[in-house]
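Undergrad: Got a structure for you, written out below as structure tokens; questions coming shortly.
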Amino acid sequence: AARATHTATTRFRTTHADSSSHQGLVSSKTLNMRVTSAILPLFLAISSVNAFVSPRGVGRRMGFVSVKMSSNEGEQQKETTWDRITGPKLFKTVTNWSGIHSVPLVPLRILTGALMIHHGSEGGIGPANFGTPEFQGFVDYIVKPYFSFLPGSPETWSAIHDYVEFYGGALFAIGLLTRPAALSLMLTMFCAVYFHLASGGAQGFPLGHVPNYSYDFEEPLMYSLIFLIFWFNGAGPLSVDSIIYDKISQEDNSE
């Protein structure tokens with residue numbers, strides 16, 4: 001009887017221990033599941049932010065890669081033009097305007113200079129055509145009413161205006177003494193912006209409509225910003241300045 005009682009007691013303890021162990025295991029699994037369910041959304045959110053901020057993440061989210069991997073590990077295929085247009089470089093800002101990045105500066109400089117030559121030819125071929133109705137109209141309707149504070153005669157300032165636009169535009173177009181020409185032309189355009197704002201106002205800028213479809217001050221303002229760029233950066237390629245600089249510069253251009 002004592003042996004039977006001992007056997008029954010041992011079985012009860014074993015069963016109770018197994019039940020407690022099973023309950024502890026269930027509680028531990030439940031706790032792990034709760035912790036995982038709490039941490040997983042946070043991990044996914046952090047991963048999404050990293051994917052959005054990282055350039056590679058942007059490319060993967062949009063379905064692009066700038067450099068595609070081939071089937072062989074470590075081997076890279078050459079980046080295509082389409083990759084550059086649609087990949088992460090779509091959002092990249094050029095910090096060095098040299099090489100291919102300077103090509104658009106050439107037509108911008110040449111055409112802007114040619115337009116300035118045209119602006120400086122008032123009353124005939126060439127600047128400062130004294131006695132012509134066009135030149136005299138510039139004196140009477142622009143310089144006298146709006147620039148009377150300048151010392152000297154209005155005709156002299158009108159002629160200076162024409163000389164700067166005509167000869168400065170020519171120098172700017174061929175890229176000779178580009179920075180001084182750009183600075184002179186920029187100051188002239190600032191004067192034109194002042195005249196249009198003083199005579200016609202802001203014309204409802206930025207959302208108002210101009211009744212006569214003539215946005216007067218915007219054109220010289222855009223010109224002045226173009227000249228500001230070249231005043232800071234120089235003429236660029238295909239210019240006389242670049243040829244002169246290559247001849248006289250002591251810098252190492254082999255890099």
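By convention in this document, the chains of the structure tokens carry letters A, B, ... by their order, each chain's residues are numbered from 1, and ligands are numbered from 1 in the order they are shown.
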In segment 54-218 of chain A, what's helix (DSSP H, G or I) per DSSP? Answer as a short mmCIF file (atom, residue, chain, number, x, y, z; two decimals) with C-alpha atoms, in the first residue's frame?
TA:
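Generated output (states35.cif):
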data_model
loop_
_atom_site.label_atom_id
_atom_site.label_comp_id
_atom_site.auth_asym_id
_atom_site.auth_seq_id
_atom_site.Cartn_x
_atom_site.Cartn_y
_atom_site.Cartn_z
CA PRO A 55 19.19 56.73 -53.38
CA ARG A 56 19.31 52.98 -53.94
CA GLY A 57 16.02 52.62 -52.13
CA VAL A 58 14.46 55.27 -54.36
CA GLY A 59 15.68 53.46 -57.42
CA ARG A 60 14.34 50.12 -56.21
CA ARG A 61 10.98 51.58 -55.23
CA MET A 62 10.64 53.16 -58.65
CA THR A 81 21.45 56.79 -71.14
CA TRP A 82 18.01 55.55 -70.17
CA ASP A 83 19.34 54.62 -66.74
CA ARG A 84 20.70 58.13 -66.31
CA ILE A 85 17.40 59.71 -67.37
CA THR A 86 15.08 57.55 -65.30
CA PRO A 88 18.38 57.92 -59.24
CA LYS A 89 20.47 60.45 -61.20
CA LEU A 90 17.19 62.07 -62.23
CA PHE A 91 17.30 63.71 -58.79
CA GLY A 99 32.59 68.32 -69.94
CA ILE A 100 29.17 67.39 -71.29
CA HIS A 101 27.43 69.53 -68.66
CA SER A 102 28.86 72.72 -70.18
CA LEU A 105 26.05 76.98 -72.10
CA VAL A 106 27.34 77.47 -75.66
CA PRO A 107 24.03 78.13 -77.49
CA LEU A 108 22.75 80.03 -74.46
CA ARG A 109 25.74 82.40 -74.56
CA ILE A 110 25.80 82.84 -78.34
CA LEU A 111 22.06 83.43 -78.79
CA THR A 112 21.83 85.75 -75.80
CA GLY A 113 24.72 87.81 -77.14
CA ALA A 114 23.11 87.99 -80.59
CA LEU A 115 19.85 89.21 -79.07
CA MET A 116 21.75 91.88 -77.16
CA ILE A 117 23.33 93.07 -80.42
CA HIS A 118 19.84 93.44 -81.81
CA HIS A 119 18.71 95.37 -78.72
CA PRO A 133 13.34 108.69 -84.56
CA GLU A 134 14.07 105.41 -82.77
CA PHE A 135 17.08 106.73 -80.88
CA GLN A 136 15.37 110.01 -80.04
CA GLY A 137 12.29 108.17 -78.86
CA PHE A 138 14.43 106.20 -76.43
CA VAL A 139 15.84 109.49 -75.13
CA ASP A 140 12.45 111.24 -74.81
CA TYR A 141 10.25 108.41 -73.50
CA ILE A 142 12.62 106.34 -71.39
CA VAL A 143 15.77 108.17 -70.28
CA LYS A 144 14.31 111.62 -69.62
CA PRO A 145 11.22 110.57 -67.62
CA TYR A 146 12.70 107.68 -65.65
CA PRO A 154 20.11 111.93 -71.63
CA GLU A 155 21.61 111.45 -75.11
CA THR A 156 24.92 110.37 -73.59
CA TRP A 157 23.28 107.75 -71.38
CA SER A 158 21.18 106.51 -74.30
CA ALA A 159 24.34 106.10 -76.36
CA ILE A 160 26.08 104.26 -73.48
CA HIS A 161 23.09 101.97 -73.26
CA ASP A 162 23.37 101.14 -76.96
CA TYR A 163 27.14 100.67 -76.84
CA VAL A 164 26.93 98.28 -73.89
CA GLU A 165 24.24 96.16 -75.50
CA PHE A 166 25.78 96.14 -79.00
CA TYR A 167 29.48 95.67 -78.25
CA GLY A 168 28.92 93.88 -74.96
CA GLY A 169 26.58 91.48 -76.74
CA ALA A 170 29.20 90.83 -79.42
CA LEU A 171 31.90 90.11 -76.84
CA PHE A 172 29.50 87.93 -74.89
CA ALA A 173 28.56 85.90 -77.99
CA ILE A 174 32.13 85.04 -78.94
CA THR A 178 32.91 87.40 -70.91
CA ARG A 179 32.81 88.33 -67.25
CA PRO A 180 33.16 92.12 -67.75
CA ALA A 181 30.68 91.97 -70.64
CA ALA A 182 28.23 89.94 -68.56
CA LEU A 183 28.49 92.37 -65.65
CA SER A 184 27.89 95.40 -67.90
CA LEU A 185 24.93 93.75 -69.60
CA MET A 186 23.49 92.64 -66.26
CA LEU A 187 23.55 96.21 -64.96
CA THR A 188 21.87 97.40 -68.14
CA MET A 189 19.14 94.77 -67.71
CA PHE A 190 18.62 95.85 -64.11
CA CYS A 191 17.98 99.36 -65.41
CA ALA A 192 15.47 97.92 -67.87
CA VAL A 193 13.71 96.04 -65.06
CA TYR A 194 13.51 99.27 -63.07
CA PHE A 195 12.05 101.15 -66.04
CA HIS A 196 9.33 98.56 -66.69
CA LEU A 197 8.37 98.32 -63.02
CA ALA A 198 8.30 102.11 -62.71
CA SER A 199 6.21 102.58 -65.84
CA GLY A 200 3.90 99.55 -65.78
CA GLU A 218 10.09 89.60 -67.05
#
Undergrad: Select, from A:Met222, A:Leu150, A:Leu207, A:Val103, the residue with the minimum atom-to-atom distance to Ser239 of chain A, counting only C-alpha atoms.
TA: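 For Ser239 of chain A, the nearest of the given residues is A:Val103.
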